[in-house]
>>> print(open('my_file_28.txt').read())   # compact mmCIF, C-alpha atoms
# COMPACT_ATOMS: atom_id res chain seq x y z
CA MET A 25 69.82 57.88 83.92
CA LEU A 26 72.28 55.50 85.52
CA THR A 27 74.62 53.19 83.67
CA LYS A 28 74.88 49.57 84.83
CA ASN A 29 78.06 50.46 86.67
CA GLN A 30 76.31 53.33 88.45
CA ILE A 31 73.47 51.03 89.51
CA ALA A 32 76.12 48.78 91.07
CA GLN A 33 77.81 51.79 92.64
CA ARG A 34 74.53 52.93 94.23
CA ILE A 35 73.85 49.44 95.61
CA ALA A 36 77.35 49.30 97.09
CA LYS A 37 76.35 52.19 99.38
CA GLU A 38 73.96 49.77 101.09
CA LEU A 39 76.84 47.54 102.24
CA GLU A 40 77.64 47.49 105.93
CA ASP A 41 80.84 46.52 107.72
CA GLY A 42 81.08 42.83 108.57
CA TRP A 43 78.44 41.65 106.13
CA TYR A 44 78.58 38.43 104.12
CA VAL A 45 77.16 39.20 100.67
CA ASN A 46 76.00 37.10 97.73
CA LEU A 47 76.09 38.81 94.34
CA GLY A 48 74.13 37.40 91.39
CA ILE A 49 75.23 37.31 87.76
CA GLY A 50 75.23 40.53 85.67
CA ILE A 51 74.92 44.00 87.23
CA PRO A 52 75.12 42.57 90.81
CA THR A 53 78.65 41.23 90.11
CA LEU A 54 79.79 44.83 89.49
CA VAL A 55 78.91 45.82 93.08
CA ALA A 56 82.20 44.27 94.23
CA ASN A 57 84.07 47.06 92.39
CA TYR A 58 82.56 49.79 94.57
CA ILE A 59 82.95 48.68 98.20
CA PRO A 60 82.94 51.92 100.25
CA GLU A 61 86.18 52.79 101.97
CA GLY A 62 86.57 51.74 105.57
CA ILE A 63 84.18 48.80 105.49
CA GLU A 64 84.96 45.13 105.16
CA VAL A 65 82.60 42.67 103.51
CA GLU A 66 83.10 39.09 102.37
CA PHE A 67 81.59 37.75 99.16
CA GLN A 68 79.96 34.32 99.03
CA SER A 69 79.55 32.56 95.72
CA GLU A 70 77.07 29.71 95.91
CA ASN A 71 79.22 27.25 93.97
CA GLY A 72 81.40 27.04 97.06
CA ILE A 73 83.61 29.95 98.13
CA LEU A 74 83.49 32.50 100.91
CA GLY A 75 86.04 35.28 100.52
CA MET A 76 85.92 35.62 96.76
CA GLY A 77 88.58 37.96 95.34
CA PRO A 78 88.95 39.82 92.03
CA PHE A 79 89.59 38.21 88.64
CA PRO A 80 93.09 36.69 88.35
CA TYR A 81 95.92 38.32 86.41
CA GLU A 82 96.23 36.97 82.89
CA GLY A 83 98.08 33.67 82.95
CA GLU A 84 97.06 32.92 86.53
CA GLU A 85 93.58 31.55 85.78
CA ASP A 86 92.77 28.31 87.61
CA ALA A 87 90.11 26.00 86.13
CA ASP A 88 89.39 24.77 89.68
CA LEU A 89 88.57 28.27 90.94
CA ILE A 90 85.46 29.90 89.52
CA ASN A 91 82.40 31.84 90.74
CA ALA A 92 78.72 31.05 90.23
CA GLY A 93 78.88 32.81 86.86
CA LYS A 94 81.59 30.29 85.88
CA GLN A 95 84.14 33.11 85.66
CA THR A 96 87.72 32.55 86.80
CA ILE A 97 88.32 34.30 90.13
CA THR A 98 90.83 34.47 92.99
CA ALA A 99 90.46 33.76 96.69
CA MET A 100 91.17 36.44 99.34
CA PRO A 101 93.38 35.67 102.33
CA GLY A 102 91.10 33.91 104.81
CA ALA A 103 88.85 32.46 102.11
CA ALA A 104 87.17 29.07 102.50
CA TYR A 105 85.92 26.46 100.03
CA PHE A 106 82.99 24.17 100.75
CA ASP A 107 80.48 21.84 99.10
CA SER A 108 77.12 22.85 97.64
CA ALA A 109 75.04 21.55 100.55
CA MET A 110 77.06 23.64 102.99
CA SER A 111 76.87 26.64 100.67
CA PHE A 112 73.10 26.54 100.80
CA ALA A 113 73.17 25.94 104.54
CA MET A 114 74.78 29.41 104.69
CA ILE A 115 72.05 30.80 102.43
CA ARG A 116 68.95 29.03 103.80
CA GLY A 117 70.24 29.35 107.33
CA GLN A 118 70.30 33.16 106.85
CA HIS A 119 73.99 33.53 107.58
CA VAL A 120 74.38 35.76 104.50
CA GLN A 121 73.31 39.35 105.25
CA LEU A 122 72.66 40.66 101.74
CA THR A 123 71.69 39.17 98.41
CA VAL A 124 71.83 41.25 95.22
CA LEU A 125 70.05 39.77 92.21
CA GLY A 126 69.10 40.70 88.68
CA ALA A 127 65.49 40.35 87.57
CA MET A 128 63.32 40.26 84.47
CA GLU A 129 60.30 41.53 86.42
CA VAL A 130 59.49 42.67 89.95
CA SER A 131 56.02 43.29 91.33
CA GLU A 132 54.76 45.86 93.80
CA ASN A 133 54.50 43.26 96.58
CA GLY A 134 58.10 42.15 96.14
CA ASP A 135 57.59 39.10 93.88
CA ILE A 136 60.48 38.46 91.50
CA ALA A 137 60.73 36.63 88.17
CA ASN A 138 64.16 35.91 86.70
CA TRP A 139 64.51 32.36 85.41
CA LYS A 140 62.17 31.54 82.56
CA ILE A 141 60.25 32.98 79.60
CA PRO A 142 57.76 30.25 78.63
CA GLY A 143 58.30 28.92 75.12
CA LYS A 144 61.31 31.18 74.52
CA MET A 145 64.04 30.93 77.10
CA VAL A 146 64.65 28.53 79.93
CA LYS A 147 68.02 28.78 81.58
CA GLY A 148 66.95 27.62 85.01
CA MET A 149 66.83 29.21 88.42
CA GLY A 150 70.27 28.15 89.64
CA GLY A 151 70.53 29.27 93.24
CA ALA A 152 68.11 32.19 92.88
CA MET A 153 65.07 30.41 94.34
CA ASP A 154 66.99 29.33 97.44
CA LEU A 155 68.41 32.84 97.84
CA VAL A 156 65.11 34.72 97.55
CA ALA A 157 63.22 32.24 99.73
CA SER A 158 65.63 32.66 102.63
CA ALA A 159 67.46 35.98 102.52
CA ASP A 160 66.28 38.72 104.86
CA ASN A 161 67.66 41.46 102.71
CA ILE A 162 67.26 41.25 98.95
CA ILE A 163 68.14 44.11 96.62
CA VAL A 164 67.28 43.82 92.94
CA ALA A 165 69.48 45.48 90.33
CA MET A 166 67.75 45.93 86.98
CA MET A 167 66.86 48.20 84.10
CA HIS A 168 63.51 49.90 84.73
CA THR A 169 62.05 49.09 81.30
CA ASN A 170 62.69 46.55 78.53
CA LYS A 171 64.06 47.36 75.08
CA ARG A 172 60.56 48.27 73.86
CA GLY A 173 60.16 50.70 76.76
CA ASP A 174 57.63 48.57 78.67
CA SER A 175 57.84 48.70 82.44
CA LYS A 176 59.48 45.76 84.23
CA ILE A 177 58.22 47.10 87.56
CA LEU A 178 54.71 45.66 87.55
CA LYS A 179 51.52 45.30 89.58
CA GLU A 180 51.90 41.55 89.12
CA CYS A 181 54.67 39.58 87.43
CA SER A 182 53.64 38.05 84.10
CA LEU A 183 56.54 35.56 84.00
CA PRO A 184 56.92 32.42 86.16
CA LEU A 185 57.97 33.49 89.65
CA THR A 186 61.29 32.89 91.35
CA GLY A 187 59.98 33.92 94.75
CA VAL A 188 57.09 35.74 96.42
CA ASN A 189 57.08 38.80 98.74
CA CYS A 190 60.83 38.75 99.07
CA VAL A 191 62.41 41.81 97.41
CA LYS A 192 63.18 44.66 99.85
CA LYS A 193 64.70 47.27 97.56
CA ILE A 194 64.97 47.87 93.82
CA VAL A 195 67.69 49.95 92.19
CA THR A 196 67.12 50.69 88.50
CA ASN A 197 68.64 53.04 85.96
CA LEU A 198 65.93 55.54 86.96
CA CYS A 199 65.52 55.32 90.74
CA VAL A 200 65.69 53.57 94.09
CA MET A 201 62.46 52.07 95.45
CA GLU A 202 61.61 50.33 98.68
CA VAL A 203 59.03 47.53 98.79
CA LEU A 204 56.69 48.36 101.68
CA PRO A 205 55.72 45.46 103.97
CA GLN A 206 52.02 45.96 103.10
CA GLY A 207 52.83 46.21 99.36
CA GLY A 208 53.48 49.19 97.12
CA LEU A 209 56.74 50.73 96.07
CA LYS A 210 57.98 53.81 97.87
CA LEU A 211 60.15 56.07 95.74
CA LEU A 212 63.30 56.92 97.70
CA GLU A 213 65.71 58.54 95.23
CA ARG A 214 65.84 59.69 91.61
CA ALA A 215 68.72 59.15 89.22
CA PRO A 216 70.46 62.44 88.37
CA GLY A 217 68.39 64.36 85.81
CA VAL A 218 65.38 62.03 85.96
CA SER A 219 62.06 63.55 87.08
CA VAL A 220 59.41 61.95 89.27
CA GLU A 221 57.03 62.20 86.29
CA GLU A 222 59.42 60.19 84.10
CA ILE A 223 59.72 57.50 86.78
CA LYS A 224 55.92 57.35 87.18
CA ALA A 225 55.50 56.98 83.43
CA ALA A 226 57.96 54.07 83.34
CA THR A 227 56.38 52.25 86.30
CA GLU A 228 53.28 50.09 85.98
CA ALA A 229 53.27 49.20 89.69
CA GLN A 230 51.75 51.41 92.35
CA LEU A 231 54.38 54.06 93.12
CA ILE A 232 54.16 55.93 96.40
CA VAL A 233 55.66 59.41 96.18
CA GLU A 234 55.82 61.37 99.41
CA GLY A 235 57.31 64.85 99.60
CA ASP A 236 60.43 65.85 97.76
CA ILE A 237 62.37 62.97 96.20
CA PRO A 238 66.10 63.61 96.42
CA GLU A 239 68.56 62.99 93.61
CA MET A 240 71.11 60.24 94.17
CA LYS A 241 74.56 61.39 95.13
CA PHE A 242 77.73 59.60 94.12
CA MET B 288 90.46 -1.90 101.89
CA ASN B 289 91.27 -1.54 98.22
CA LYS B 290 88.70 0.15 95.98
CA VAL B 291 91.07 0.81 93.09
CA VAL B 292 90.04 -0.14 89.55
CA ALA B 293 92.25 0.21 86.49
CA ASN B 294 90.43 2.84 84.47
CA ALA B 295 87.12 4.48 83.53
CA SER B 296 86.00 1.42 81.59
CA GLU B 297 86.33 -0.84 84.63
CA ALA B 298 84.83 1.81 86.91
CA CYS B 299 81.74 2.19 84.74
CA GLU B 300 81.02 -1.53 84.55
CA GLY B 301 77.35 -2.21 85.20
CA ILE B 302 76.09 1.18 83.99
CA GLU B 303 73.29 0.38 81.57
CA SER B 304 70.70 2.09 79.42
CA GLY B 305 67.76 3.50 81.36
CA MET B 306 69.67 4.03 84.59
CA THR B 307 69.74 7.15 86.77
CA ILE B 308 73.21 8.62 87.23
CA MET B 309 74.30 11.60 89.29
CA LEU B 310 77.40 13.46 88.18
CA GLY B 311 79.38 16.03 90.16
CA GLY B 312 80.59 19.39 88.88
CA PHE B 313 79.49 23.00 88.54
CA GLY B 314 79.58 24.17 84.96
CA LEU B 315 82.71 22.47 83.63
CA CYS B 316 84.49 22.79 86.99
CA GLY B 317 85.08 19.50 88.78
CA ILE B 318 83.29 17.25 86.29
CA PRO B 319 84.26 13.56 85.96
CA GLU B 320 85.74 13.94 82.46
CA ASN B 321 87.06 10.40 82.10
CA SER B 322 83.81 8.75 83.14
CA ILE B 323 81.73 10.97 80.86
CA SER B 324 83.94 9.94 77.92
CA GLU B 325 83.44 6.31 78.91
CA LEU B 326 79.63 6.72 78.97
CA VAL B 327 79.81 8.24 75.48
CA LYS B 328 81.88 5.26 74.33
CA LYS B 329 79.52 2.73 75.90
CA GLU B 330 76.70 4.13 73.70
CA ILE B 331 74.13 3.50 76.42
CA LYS B 332 70.84 5.39 76.04
CA ASP B 333 67.82 6.70 77.93
CA LEU B 334 69.84 7.92 80.86
CA THR B 335 68.41 10.13 83.58
CA CYS B 336 71.22 12.46 84.61
CA ILE B 337 71.28 14.44 87.83
CA SER B 338 73.83 17.23 87.52
CA ASN B 339 73.75 20.93 88.33
CA ASN B 340 74.44 21.86 84.70
CA ALA B 341 74.35 20.16 81.34
CA GLY B 342 77.82 20.99 80.05
CA VAL B 343 78.43 23.01 76.90
CA ASP B 344 77.80 21.88 73.32
CA ASP B 345 81.07 20.02 72.88
CA PHE B 346 82.21 19.21 76.41
CA GLY B 347 80.96 17.70 79.65
CA LEU B 348 77.43 16.32 79.57
CA GLY B 349 76.98 18.10 76.24
CA LEU B 350 78.80 15.11 74.72
CA LEU B 351 76.08 12.74 75.99
CA LEU B 352 73.39 15.14 74.71
CA GLN B 353 74.98 15.19 71.26
CA GLY B 354 74.67 11.41 71.09
CA LYS B 355 71.04 11.67 72.33
CA GLN B 356 71.98 9.38 75.22
CA ILE B 357 70.08 11.39 77.82
CA LYS B 358 66.32 11.00 78.22
CA LYS B 359 65.92 13.25 81.23
CA MET B 360 68.07 15.94 82.89
CA ILE B 361 67.62 17.07 86.48
CA SER B 362 69.55 20.34 86.86
CA SER B 363 69.34 23.84 88.30
CA TYR B 364 70.83 25.81 85.41
CA VAL B 365 71.11 24.78 81.78
CA GLY B 366 72.07 27.95 79.89
CA GLU B 367 75.02 28.15 77.48
CA ASN B 368 74.17 24.94 75.63
CA ASP B 369 72.39 25.29 72.28
CA GLU B 370 71.90 21.58 71.66
CA PHE B 371 70.35 21.22 75.11
CA GLU B 372 67.96 24.09 74.42
CA ARG B 373 67.01 22.64 71.05
CA GLN B 374 66.27 19.16 72.48
CA MET B 375 64.34 20.66 75.38
CA LEU B 376 62.16 23.03 73.31
CA SER B 377 61.41 20.26 70.77
CA GLY B 378 60.38 17.91 73.57
CA GLU B 379 63.06 15.28 72.83
CA LEU B 380 64.56 15.87 76.24
CA ASP B 381 62.66 15.81 79.52
CA VAL B 382 63.98 18.50 81.88
CA GLU B 383 63.30 18.87 85.57
CA LEU B 384 64.64 22.18 86.85
CA THR B 385 65.36 22.19 90.57
CA PRO B 386 66.64 25.04 92.74
CA GLN B 387 70.39 24.62 93.27
CA GLY B 388 70.24 24.33 97.05
CA THR B 389 67.40 21.83 96.78
CA LEU B 390 69.42 19.81 94.27
CA ALA B 391 72.38 19.72 96.68
CA GLU B 392 70.19 18.78 99.62
CA LYS B 393 68.42 16.01 97.64
CA CYS B 394 71.89 14.52 97.12
CA ARG B 395 72.91 15.01 100.73
CA ALA B 396 69.61 13.50 101.95
CA ALA B 397 70.20 10.41 99.78
CA GLN B 398 73.74 10.17 101.14
CA ALA B 399 72.51 10.49 104.73
CA GLY B 400 69.46 8.20 104.53
CA ILE B 401 66.90 10.97 104.92
CA PRO B 402 63.90 10.33 102.63
CA ALA B 403 62.65 13.91 102.42
CA PHE B 404 63.05 17.41 103.88
CA TYR B 405 61.36 20.80 103.89
CA THR B 406 62.84 23.86 102.21
CA PRO B 407 61.49 27.37 101.62
CA ALA B 408 62.99 27.42 98.10
CA GLY B 409 60.37 27.49 95.37
CA TYR B 410 57.36 28.07 97.60
CA GLY B 411 54.70 29.98 95.64
CA THR B 412 56.35 29.11 92.30
CA GLU B 413 55.76 26.36 89.73
CA VAL B 414 58.55 24.33 91.37
CA ALA B 415 56.20 23.67 94.30
CA GLU B 416 53.27 22.56 92.13
CA GLY B 417 51.95 19.14 93.21
CA LYS B 418 54.26 19.01 96.21
CA GLU B 419 53.29 18.89 99.87
CA THR B 420 53.70 22.24 101.62
CA ARG B 421 53.72 22.94 105.33
CA GLU B 422 53.99 25.86 107.70
CA PHE B 423 56.71 26.00 110.35
CA ASN B 424 56.95 29.03 112.66
CA GLY B 425 54.79 31.15 110.37
CA LYS B 426 56.73 30.45 107.18
CA MET B 427 55.79 28.13 104.32
CA TYR B 428 58.01 25.26 103.16
CA VAL B 429 57.94 22.72 100.33
CA MET B 430 58.63 19.02 100.88
CA GLU B 431 61.37 17.68 98.63
CA LYS B 432 62.43 14.04 98.36
CA ALA B 433 65.90 12.52 98.37
CA PHE B 434 67.27 11.45 94.99
CA GLU B 435 67.38 7.78 94.06
CA ALA B 436 70.25 6.98 91.71
CA ASP B 437 71.93 3.82 90.45
CA PHE B 438 75.36 5.39 90.18
CA ALA B 439 77.04 8.52 91.52
CA ILE B 440 80.11 9.63 89.60
CA VAL B 441 82.39 12.23 91.16
CA LYS B 442 85.70 13.91 90.46
CA ALA B 443 88.21 14.62 93.24
CA TRP B 444 91.72 16.07 93.34
CA LYS B 445 93.40 13.39 95.46
CA GLY B 446 92.24 10.01 96.62
CA ASP B 447 93.76 6.95 98.22
CA HIS B 448 93.23 3.23 97.74
CA ALA B 449 90.47 3.16 100.35
CA GLY B 450 88.47 5.80 98.49
CA ASN B 451 89.19 8.69 100.85
CA LEU B 452 88.87 11.94 98.88
CA ILE B 453 90.18 15.49 98.92
CA PHE B 454 88.78 18.13 96.56
CA LYS B 455 90.42 21.28 95.22
CA GLY B 456 89.07 24.84 95.14
CA THR B 457 85.55 25.28 93.85
CA ALA B 458 85.87 21.98 91.96
CA ARG B 459 84.45 20.56 95.20
CA ASN B 460 80.86 21.81 94.60
CA PHE B 461 78.36 18.89 94.32
CA ASN B 462 80.99 16.14 94.34
CA PRO B 463 81.11 15.48 98.11
CA ASN B 464 77.30 15.59 98.36
CA MET B 465 76.92 12.92 95.69
CA CYS B 466 79.33 10.45 97.31
CA GLY B 467 77.24 7.63 98.69
CA ALA B 468 74.07 9.14 97.23
CA GLY B 469 73.88 6.49 94.51
CA LYS B 470 73.88 2.70 94.97
CA ILE B 471 77.45 2.66 93.68
CA THR B 472 79.83 5.65 93.83
CA ILE B 473 82.67 5.98 91.36
CA ALA B 474 85.41 8.50 92.08
CA GLU B 475 87.95 9.60 89.50
CA VAL B 476 90.96 11.48 90.83
CA GLU B 477 93.94 13.40 89.49
CA GLU B 478 96.29 11.87 92.05
CA LEU B 479 95.85 8.38 93.45
CA VAL B 480 98.05 7.64 96.47
CA PRO B 481 98.64 4.60 98.73
CA LEU B 482 97.08 4.32 102.19
CA GLY B 483 98.65 6.58 104.77
CA GLU B 484 99.65 9.33 102.34
CA LEU B 485 96.60 11.48 103.01
CA ASP B 486 96.40 13.23 106.37
CA PRO B 487 93.17 11.92 107.99
CA ASN B 488 92.55 15.48 109.24
CA GLU B 489 92.32 16.77 105.71
CA ILE B 490 90.04 14.18 104.12
CA HIS B 491 86.78 15.73 102.85
CA ILE B 492 84.97 12.46 102.12
CA PRO B 493 85.75 9.24 103.97
CA GLY B 494 86.17 6.18 101.76
CA ILE B 495 83.06 4.49 103.18
CA PHE B 496 81.01 6.53 100.66
CA VAL B 497 83.07 5.37 97.66
CA GLN B 498 83.02 1.91 96.02
CA ARG B 499 85.37 2.38 93.05
CA ILE B 500 88.27 4.75 92.55
CA PHE B 501 90.63 5.27 89.61
CA LYS B 502 93.26 7.69 88.43
CA GLY B 503 91.93 9.72 85.52
CA THR B 504 94.07 10.76 82.56
CA ASN B 505 94.32 13.69 80.16
CA TYR B 506 92.27 16.15 82.15
CA GLU B 507 91.33 19.04 79.91
CA LYS B 508 89.74 21.13 82.70
CA ARG B 509 88.22 23.55 80.25
CA ILE B 510 87.47 27.08 81.46
CA GLU B 511 84.00 28.32 80.52
CA GLN B 512 84.41 32.06 81.21
CA ARG B 513 88.02 33.16 81.23
CA THR B 514 88.01 36.47 83.10
CA THR B 515 91.19 38.34 84.06
CA ARG B 516 92.31 41.77 85.22
CA PRO B 517 95.19 43.76 83.76
CA ARG B 518 98.51 43.93 85.57
CA SER B 519 98.90 47.54 86.61
>>> encode(input="my_file_28.txt", output="structure tokens")
Amino acid sequence: MLTKNQIAQRIAKELEDGWYVNLGIGIPTLVANYIPEGIEVEFQSENGILGMGPFPYEGEEDADLINAGKQTITAMPGAAYFDSAMSFAMIRGQHVQLTVLGAMEVSENGDIANWKIPGKMVKGMGGAMDLVASADNIIVAMMHTNKRGDSKILKECSLPLTGVNCVKKIVTNLCVMEVLPQGGLKLLERAPGVSVEEIKAATEAQLIVEGDIPEMKF
Amino acid sequence: MNKVVANASEACEGIESGMTIMLGGFGLCGIPENSISELVKKEIKDLTCISNNAGVDDFGLGLLLQGKQIKKMISSYVGENDEFERQMLSGELDVELTPQGTLAEKCRAAQAGIPAFYTPAGYGTEVAEGKETREFNGKMYVMEKAFEADFAIVKAWKGDHAGNLIFKGTARNFNPNMCGAGKITIAEVEELVPLGELDPNEIHIPGIFVQRIFKGTNYEKRIEQRTTRPRS
């Protein structure tokens, strides 16, 4: 089984040179720690920075420089600041090549739910609805099951949706899955030591298993 | 042209109970601290506030929530505020959650005199319920309307007497989009300079969008999530 850091590490292997990338809050943020050698990507944070750098050294925090998770950050050489309307022009206008988001639930046709549990928790969608409605390439980073062991990879989402038919790939602590254009989740890779049977048992959605499923390599 | 007023109290003249006010800022970054304090002091009620977030319990718009001065919040993200959550779940507070990009564009549309626009955000979700939808080039979009607000209150880094504004870092966020999006725009700035001091090439918002400007005092600029890395 993968740790949260390993999920991020696996997603980082999807990065390609020259991409602009938006990372959501939680596990997605960790992807920035594992950029493969020899490639250059630039991180966009929807509150208004392109070229986001690592956290500042202690004592160098700037209240006027944060990311979408409200964490203090730094700016890389060549970074740019901009207003919220322009930020979402980048996102809606499909100028960002990859979006990595967390999710509470994902369905087999690529629907995603990550902003509300009716009657219990309402934090809001933030920029997630704009991101999933526009991005060509959306990877979800999440745990495969909840604390009770119930699958979060479902036939249909039970929670209010953030977007429909939008997720392209899902990386969980158990496996990597691709959302097929016609629906259904194709199993691509297993986490080290996790069997196909275990993944099937933890997945409510239709899981398509063809041939030998390789173990992830780090 | 001179748009300068003495302080927050003079700037907020005319703001009354029941009005709709848009306020810049993302989290606690770039919020108009002086004007929010003034609204608390004025004890006006039943406000509709348009702002990306709702502050935290004891700072930002959280101060107006504590005093139960807000009737309705229009925001994209409202986590990290217990009092907000309590008022929302008990029904005391009306909350309209709007995707962040849609919120920004509803401000920009109001600023630019565009009554409505189409966006893909929220299509197929409860955000689109009751709204007109339309297909363009094989993709579905939701019609969203420009905001209508009595006042827009923004925070900038530097401003001059004519209301020209320059923002700093990610404290820019919604502030430029809200300028001119309300009937009256109030700008509070950290540095207020005479005409000619700001390089016209570097102005983010021309003064035409701003009616009142004042130099704020005692900025706390609270950090919500202080994250650092060790020096190696």
>>> interface_residues(input="my_file_28.txt", of="chain B", to="chain A", cutoff="6 Å", atoms="all atoms listed in the file", output="list in words")
Cys316, Ser363, Tyr364, Val365, Gly366, Pro386, Gln387, Gly388, Ala391, Glu392, Pro407, Ala408, Gly409, Thr412, Gly456, Thr457, Ala458, Arg459, Asn460, Phe461, Lys508, Ile510, Gln512, Arg513, Thr514, Thr515 and Arg516 of chain B
>>> atom_distance(input="my_file_28.txt", atom1="CA of Leu352 in chain B", atom2="CA of Tyr506 in chain B")
20.3 Å
>>> atom_distance(input="my_file_28.txt", atom1="CA of Glu129 in chain A", atom2="CA of Thr196 in chain A")
11.6 Å
>>> atom_distance(input="my_file_28.txt", atom1="CA of Glu484 in chain B", atom2="CA of Lys445 in chain B")
10.1 Å
>>> build_atoms(input="my_file_28.txt", residues="range 473-494 of chain B", atoms="N, CA and C atoms", output="PDB file, keeping the file's coordinate frame")
ATOM      1  N   ILE B 473      81.392   6.055  92.075  1.00  0.00           N
ATOM      2  CA  ILE B 473      82.670   5.980  91.360  1.00  0.00           C
ATOM      3  C   ILE B 473      83.380   7.309  91.551  1.00  0.00           C
ATOM      4  N   ALA B 474      84.637   7.262  91.965  1.00  0.00           N
ATOM      5  CA  ALA B 474      85.410   8.500  92.080  1.00  0.00           C
ATOM      6  C   ALA B 474      86.589   8.441  91.129  1.00  0.00           C
ATOM      7  N   GLU B 475      86.729   9.489  90.296  1.00  0.00           N
ATOM      8  CA  GLU B 475      87.950   9.600  89.500  1.00  0.00           C
ATOM      9  C   GLU B 475      88.775  10.734  90.072  1.00  0.00           C
ATOM     10  N   VAL B 476      90.097  10.509  90.157  1.00  0.00           N
ATOM     11  CA  VAL B 476      90.960  11.480  90.830  1.00  0.00           C
ATOM     12  C   VAL B 476      92.163  11.819  89.958  1.00  0.00           C
ATOM     13  N   GLU B 477      92.735  13.006  90.225  1.00  0.00           N
ATOM     14  CA  GLU B 477      93.940  13.400  89.490  1.00  0.00           C
ATOM     15  C   GLU B 477      95.164  12.715  90.068  1.00  0.00           C
ATOM     16  N   GLU B 478      95.161  12.534  91.396  1.00  0.00           N
ATOM     17  CA  GLU B 478      96.290  11.870  92.050  1.00  0.00           C
ATOM     18  C   GLU B 478      95.759  10.740  92.921  1.00  0.00           C
ATOM     19  N   LEU B 479      96.264   9.528  92.661  1.00  0.00           N
ATOM     20  CA  LEU B 479      95.850   8.380  93.450  1.00  0.00           C
ATOM     21  C   LEU B 479      97.051   7.922  94.287  1.00  0.00           C
ATOM     22  N   VAL B 480      96.899   7.928  95.607  1.00  0.00           N
ATOM     23  CA  VAL B 480      98.050   7.640  96.470  1.00  0.00           C
ATOM     24  C   VAL B 480      97.769   6.429  97.367  1.00  0.00           C
ATOM     25  N   PRO B 481      98.825   5.759  97.841  1.00  0.00           N
ATOM     26  CA  PRO B 481      98.640   4.600  98.730  1.00  0.00           C
ATOM     27  C   PRO B 481      98.094   5.027 100.089  1.00  0.00           C
ATOM     28  N   LEU B 482      97.594   4.048 100.853  1.00  0.00           N
ATOM     29  CA  LEU B 482      97.080   4.320 102.190  1.00  0.00           C
ATOM     30  C   LEU B 482      98.143   4.979 103.055  1.00  0.00           C
ATOM     31  N   GLY B 483      97.722   5.926 103.861  1.00  0.00           N
ATOM     32  CA  GLY B 483      98.650   6.580 104.770  1.00  0.00           C
ATOM     33  C   GLY B 483      99.227   7.872 104.239  1.00  0.00           C
ATOM     34  N   GLU B 484      99.085   8.108 102.946  1.00  0.00           N
ATOM     35  CA  GLU B 484      99.650   9.330 102.340  1.00  0.00           C
ATOM     36  C   GLU B 484      98.783  10.552 102.617  1.00  0.00           C
ATOM     37  N   LEU B 485      97.493  10.347 102.745  1.00  0.00           N
ATOM     38  CA  LEU B 485      96.600  11.480 103.010  1.00  0.00           C
ATOM     39  C   LEU B 485      96.480  11.670 104.511  1.00  0.00           C
ATOM     40  N   ASP B 486      96.579  12.911 104.954  1.00  0.00           N
ATOM     41  CA  ASP B 486      96.400  13.230 106.370  1.00  0.00           C
ATOM     42  C   ASP B 486      94.907  13.054 106.708  1.00  0.00           C
ATOM     43  N   PRO B 487      94.593  12.156 107.659  1.00  0.00           N
ATOM     44  CA  PRO B 487      93.170  11.920 107.990  1.00  0.00           C
ATOM     45  C   PRO B 487      92.431  13.204 108.381  1.00  0.00           C
ATOM     46  N   ASN B 488      93.179  14.211 108.880  1.00  0.00           N
ATOM     47  CA  ASN B 488      92.550  15.480 109.240  1.00  0.00           C
ATOM     48  C   ASN B 488      92.050  16.252 108.036  1.00  0.00           C
ATOM     49  N   GLU B 489      92.606  15.938 106.883  1.00  0.00           N
ATOM     50  CA  GLU B 489      92.320  16.770 105.710  1.00  0.00           C
ATOM     51  C   GLU B 489      91.408  16.097 104.695  1.00  0.00           C
ATOM     52  N   ILE B 490      90.904  14.894 105.055  1.00  0.00           N
ATOM     53  CA  ILE B 490      90.040  14.180 104.120  1.00  0.00           C
ATOM     54  C   ILE B 490      88.641  14.807 104.138  1.00  0.00           C
ATOM     55  N   HIS B 491      88.123  15.131 102.956  1.00  0.00           N
ATOM     56  CA  HIS B 491      86.780  15.730 102.850  1.00  0.00           C
ATOM     57  C   HIS B 491      85.698  14.665 102.870  1.00  0.00           C
ATOM     58  N   ILE B 492      85.958  13.550 102.191  1.00  0.00           N
ATOM     59  CA  ILE B 492      84.970  12.460 102.120  1.00  0.00           C
ATOM     60  C   ILE B 492      85.633  11.146 102.495  1.00  0.00           C
ATOM     61  N   PRO B 493      85.189  10.540 103.567  1.00  0.00           N
ATOM     62  CA  PRO B 493      85.750   9.240 103.970  1.00  0.00           C
ATOM     63  C   PRO B 493      85.392   8.147 102.952  1.00  0.00           C
ATOM     64  N   GLY B 494      86.300   7.214 102.780  1.00  0.00           N
ATOM     65  CA  GLY B 494      86.170   6.180 101.760  1.00  0.00           C
ATOM     66  C   GLY B 494      84.918   5.301 101.864  1.00  0.00           C
TER      67      GLY B 494
END
